[in-house]
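Novice: Compact mmCIF, C-alpha atoms, saved as protein.txt, coming up:
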# COMPACT_ATOMS: atom_id res chain seq x y z
CA MET A 649 66.19 -19.16 -21.04
CA ASP A 650 68.59 -18.79 -18.13
CA ASN A 651 68.61 -15.08 -18.69
CA PHE A 652 64.85 -15.01 -18.54
CA GLN A 653 64.80 -17.11 -15.33
CA THR A 654 67.38 -14.92 -13.57
CA THR A 655 65.53 -11.76 -14.58
CA PHE A 656 62.27 -13.28 -13.37
CA ASN A 657 63.81 -14.26 -10.02
CA SER A 658 65.39 -10.87 -9.47
CA ASN A 659 62.15 -9.09 -10.37
CA THR A 660 60.21 -11.39 -8.04
CA THR A 661 62.56 -10.78 -5.11
CA SER A 662 62.57 -7.02 -5.66
CA ALA A 663 58.74 -7.03 -5.90
CA ASN A 664 58.46 -9.12 -2.72
CA GLU A 665 60.82 -6.77 -0.89
CA ALA A 666 58.81 -3.78 -2.09
CA LEU A 667 55.58 -5.44 -0.93
CA LYS A 668 57.09 -6.22 2.48
CA SER A 669 58.31 -2.68 2.95
CA LEU A 670 54.94 -1.37 1.77
CA GLY A 671 53.17 -3.70 4.21
CA SER A 672 55.34 -2.57 7.12
CA PHE A 673 54.75 1.06 6.08
CA PHE A 674 50.98 0.50 6.11
CA LYS A 675 51.16 -1.21 9.51
CA THR A 676 53.04 1.72 11.04
CA GLU A 677 50.59 4.19 9.44
CA LYS A 678 47.67 2.16 10.80
CA THR A 679 49.06 2.23 14.33
CA LYS A 680 49.69 5.98 14.05
CA LEU A 681 46.13 6.54 12.84
CA GLN A 682 44.77 4.41 15.71
CA GLU A 683 46.76 6.52 18.18
CA ILE A 684 45.39 9.70 16.63
CA ARG A 685 41.86 8.25 16.75
CA THR A 686 42.11 7.38 20.44
CA GLY A 687 43.57 10.81 21.17
CA LEU A 688 40.71 12.50 19.33
CA LYS A 689 38.20 10.29 21.11
CA THR A 690 39.53 11.25 24.54
CA ASP A 691 39.65 14.92 23.53
CA HIS A 692 36.05 14.68 22.33
CA GLU A 693 34.91 13.02 25.55
CA THR A 694 36.70 15.68 27.61
CA PHE A 695 35.13 18.42 25.51
CA GLN A 696 31.66 16.86 25.88
CA ALA A 697 32.10 16.59 29.66
CA THR A 698 33.26 20.20 29.89
CA LEU A 699 30.40 21.34 27.70
CA SER A 700 27.87 19.39 29.76
CA SER A 701 29.18 20.83 33.02
CA GLN A 702 29.07 24.36 31.61
CA ILE A 703 25.51 23.83 30.40
CA SER A 704 24.45 22.52 33.81
CA GLN A 705 26.15 25.53 35.46
CA LEU A 706 24.27 27.86 33.13
CA LYS A 707 21.02 26.09 33.92
CA ASP A 708 21.71 26.43 37.65
CA GLU A 709 22.52 30.12 37.24
CA LEU A 710 19.34 30.60 35.21
CA ILE A 711 17.29 28.96 37.94
CA LYS A 712 18.95 31.16 40.57
CA GLU A 713 18.35 34.28 38.52
CA SER A 714 14.75 33.26 37.95
CA ASN A 715 14.27 32.71 41.68
CA ILE A 716 15.84 36.10 42.41
CA LYS A 717 13.62 37.73 39.80
CA ASP A 718 10.53 36.08 41.29
CA SER A 719 11.61 37.08 44.79
CA LEU A 720 12.15 40.67 43.70
CA ALA A 721 8.78 40.72 41.95
CA LEU A 722 7.14 39.38 45.10
CA LYS A 723 8.90 41.97 47.26
CA SER A 724 7.95 44.69 44.80
CA GLU A 725 4.30 43.64 44.96
CA GLU A 726 4.46 43.58 48.75
CA ALA A 727 6.01 47.05 48.76
CA LYS A 728 3.27 48.33 46.44
CA ILE A 729 0.61 46.84 48.69
CA ARG A 730 2.21 48.37 51.77
CA GLY A 731 2.56 51.69 49.98
CA CYS A 732 -1.11 51.74 49.01
CA SER A 733 -2.46 50.68 52.39
CA GLY A 734 -0.28 53.19 54.22
CA SER A 735 1.49 52.73 57.48
CA GLY A 736 -1.52 53.57 59.64
CA PHE A 737 0.04 56.87 60.71
CA ILE A 738 -2.12 59.92 60.31
CA PRO A 739 -0.20 63.16 60.83
CA LYS A 740 -1.85 65.71 63.09
CA GLN A 741 -2.63 69.04 61.59
CA GLY A 742 -2.81 72.44 63.15
CA GLY A 743 -1.66 72.49 66.71
CA GLU A 744 -3.22 69.26 67.92
CA GLY A 745 -1.02 67.84 70.61
CA ALA A 746 1.79 70.23 69.78
CA ASP A 747 2.29 71.28 73.38
CA VAL A 748 2.89 67.71 74.54
CA LYS A 749 6.45 66.63 73.91
CA LYS A 750 7.27 62.97 73.90
CA GLU A 751 10.79 61.72 74.04
CA PRO A 752 11.50 59.18 71.36
CA LYS A 753 11.96 55.67 72.66
CA PRO A 754 15.37 54.19 71.99
CA LYS A 755 15.22 51.67 69.22
CA ALA A 756 16.86 48.30 69.44
CA PRO A 757 19.53 47.75 66.81
CA VAL A 758 18.13 45.98 63.80
CA LYS A 759 20.05 42.97 62.62
CA PRO A 760 20.10 42.50 58.88
CA VAL A 761 18.32 39.36 57.86
CA ALA A 762 19.52 37.35 54.91
CA PRO A 763 16.92 37.40 52.18
CA VAL A 764 14.96 34.20 51.97
CA GLN A 765 14.61 32.93 48.49
CA PRO A 766 11.22 31.33 48.04
CA ASP A 767 11.12 27.90 46.48
CA VAL A 768 9.03 28.87 43.50
CA LYS A 769 8.13 26.20 41.02
CA LYS A 770 7.55 27.42 37.53
CA GLU A 771 4.20 26.39 36.22
CA PRO A 772 2.90 27.34 32.83
CA LYS A 773 0.58 30.27 33.05
CA LEU A 774 -2.90 29.50 31.83
CA LYS A 775 -4.57 32.00 29.60
CA GLU A 776 -7.51 33.65 31.24
CA LYS A 777 -10.69 33.90 29.25
CA LEU A 778 -11.63 37.47 28.69
CA PHE A 779 -15.13 36.71 27.44
CA SER A 780 -17.73 34.09 28.18
CA ASP A 781 -18.53 31.30 25.76
CA ASP A 782 -21.92 32.79 24.93
CA PRO A 783 -22.24 32.84 21.13
CA PHE A 784 -23.65 36.32 20.72
CA ILE A 785 -21.03 36.98 18.00
CA ASP A 786 -19.71 34.64 15.34
CA ASN A 787 -16.84 32.60 16.85
CA GLU A 788 -15.22 31.81 13.52
CA GLU A 789 -12.11 33.93 14.26
CA GLU A 790 -11.55 32.20 17.60
CA GLU A 791 -11.64 28.80 15.92
CA VAL A 792 -9.05 29.93 13.38
CA SER A 793 -6.77 31.25 16.14
CA ASP A 794 -7.23 28.00 18.10
CA GLU A 795 -6.29 26.02 15.00
CA ASN A 796 -3.24 28.24 14.51
CA GLU A 797 -2.33 27.77 18.16
CA GLN A 798 -2.60 23.99 17.75
CA LYS A 799 -0.42 24.10 14.63
CA ARG A 800 2.20 26.15 16.49
CA ARG A 801 2.15 23.70 19.39
CA LYS A 802 2.53 20.72 17.06
CA ALA A 803 5.43 22.43 15.29
CA ARG A 804 7.09 23.23 18.63
CA GLU A 805 6.62 19.63 19.80
CA ALA A 806 8.02 18.35 16.51
CA LYS A 807 11.12 20.52 16.99
CA LEU A 808 11.57 19.19 20.52
CA ASP A 809 11.12 15.61 19.31
CA GLU A 810 13.67 16.21 16.55
CA HIS A 811 16.08 17.69 19.10
CA GLN A 812 15.66 14.66 21.38
CA ARG A 813 16.19 12.31 18.41
CA ILE A 814 19.44 14.08 17.49
CA ILE A 815 20.66 13.85 21.09
CA ARG A 816 19.84 10.12 21.21
CA GLU A 817 21.66 9.51 17.92
CA ALA A 818 24.72 11.38 19.16
CA GLU A 819 24.74 9.37 22.39
CA GLU A 820 24.43 6.11 20.42
CA LYS A 821 27.31 7.15 18.19
CA GLU A 822 29.44 7.89 21.25
CA ARG A 823 28.69 4.47 22.69
CA ALA A 824 29.58 2.73 19.43
Could you express the structure from this file as structure tokens?
Specialist:
Amino acid sequence: MDNFQTTFNSNTTSANEALKSLGSFFKTEKTKLQEIRTGLKTDHETFQATLSSQISQLKDELIKESNIKDSLALKSEEAKIRGCSGSGFIPKQGGEGADVKKEPKPKAPVKPVAPVQPDVKKEPKLKEKLFSDDPFIDNEEEEVSDENEQKRRKAREAKLDEHQRIIREAEEKERA
């Protein structure tokens, strides 16, 4: 029986030592994993901040480009209008006034003016009606297209709602 008791005691001590070393091993692994987790969390937050700033920069650049495009379109329209109306100068034909010589007046130097970018707010363009609402022809096709338009709008709104939901969930996960 003594042999059994000594074997039992030695097995118990070796098992306890193995459990202690295993416990200390798990504790060190847990601390290492926590360090990795915090490192990943800070990297993720840094990445999200960088991504957000880049997105906002792209949005700003898009707004600037849109303003430039609108400004150029406006200037182009003005140039077309000026081109169509003419400058008011009618050249003389034949010899009218050819014997009278006028010296050109000296022109003042023109200072370049920085282009003014108009503060244009984007508003959705409304569709103009091409025809009146008089029912001289069957309007069945228009109703179908209106229904299709409504379905497309609902689908688009659903996508936007889904996108907003995903963003909210991601933000909640970040807070947690």
Novice: Which one of A:Ser724, A:Gln702, A:Thr690, A:Gln696 sits closest to Ala818 in chain A if you count all atoms listed in the file?
Specialist: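 For Ala818 in chain A, the nearest of the candidates is A:Gln696.
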Novice: Output, as JSON, the centre and edge lengths in Å (one decimal) of the axis-aligned box that contains all listed atoms of range 659-671 of chain A with 4 Å of margin on each side.
Specialist:
{"center_x": 57.9, "center_y": -6.4, "center_z": -3.1, "size_x": 17.4, "size_y": 18.0, "size_z": 22.6}
Novice: Just the number, please: distance in Å from CA of Ala806 in chain A to CA of Ala824 in chain A, one decimal.
Specialist: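 The value is 26.8 Å.
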Novice: Work out how far CA of Gln812 in chain A is from CA of Ser701 in chain A, in Å to one decimal.
Specialist: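 Between these atoms lies a distance of 18.9 Å.
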Novice: Do you have the CA of Lys668 in chain A-CA of Ile684 in chain A distance handy?
Specialist: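 One can read the CA of Lys668 in chain A to CA of Ile684 in chain A distance as 24.3 Å.
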Novice: Find the residues around range 821-823 of chain A up to 12 Å (only C-alpha atoms counted), leave out those fewer than 5 positions away in its own chain, and share them as JSON, numbers by chain.
Specialist: {"A": [689, 690, 692, 693, 696, 814, 815, 816]}
Novice: Create the file for the chosen residues now, containing C-alpha atoms and written as a PDB file, keeping the file's coordinate frame.
Specialist:
ATOM      1  CA  LYS A 689      38.200  10.290  21.110  1.00  0.00           C
ATOM      2  CA  THR A 690      39.530  11.250  24.540  1.00  0.00           C
ATOM      3  CA  HIS A 692      36.050  14.680  22.330  1.00  0.00           C
ATOM      4  CA  GLU A 693      34.910  13.020  25.550  1.00  0.00           C
ATOM      5  CA  GLN A 696      31.660  16.860  25.880  1.00  0.00           C
ATOM      6  CA  ILE A 814      19.440  14.080  17.490  1.00  0.00           C
ATOM      7  CA  ILE A 815      20.660  13.850  21.090  1.00  0.00           C
ATOM      8  CA  ARG A 816      19.840  10.120  21.210  1.00  0.00           C
TER       9      ARG A 816
END
Novice: Given the block above, output range 804-817 of chain A with C-alpha atoms as a JSON list (two decimals), in the first residue's frame.
Specialist:
[["chain", "number", "residue", "atom", "x", "y", "z"],
["A", 804, "ARG", "CA", -32.89, 53.11, -54.43],
["A", 805, "GLU", "CA", -34.22, 54.27, -51.04],
["A", 806, "ALA", "CA", -34.02, 50.72, -49.71],
["A", 807, "LYS", "CA", -30.37, 50.53, -50.78],
["A", 808, "LEU", "CA", -29.63, 53.83, -49.06],
["A", 809, "ASP", "CA", -31.44, 52.67, -45.91],
["A", 810, "GLU", "CA", -29.46, 49.42, -45.96],
["A", 811, "HIS", "CA", -26.23, 51.38, -46.39],
["A", 812, "GLN", "CA", -27.10, 53.63, -43.43],
["A", 813, "ARG", "CA", -27.98, 50.56, -41.33],
["A", 814, "ILE", "CA", -24.61, 48.97, -42.10],
["A", 815, "ILE", "CA", -22.80, 52.18, -41.17],
["A", 816, "ARG", "CA", -24.71, 52.40, -37.87],
["A", 817, "GLU", "CA", -23.92, 48.77, -37.05]]
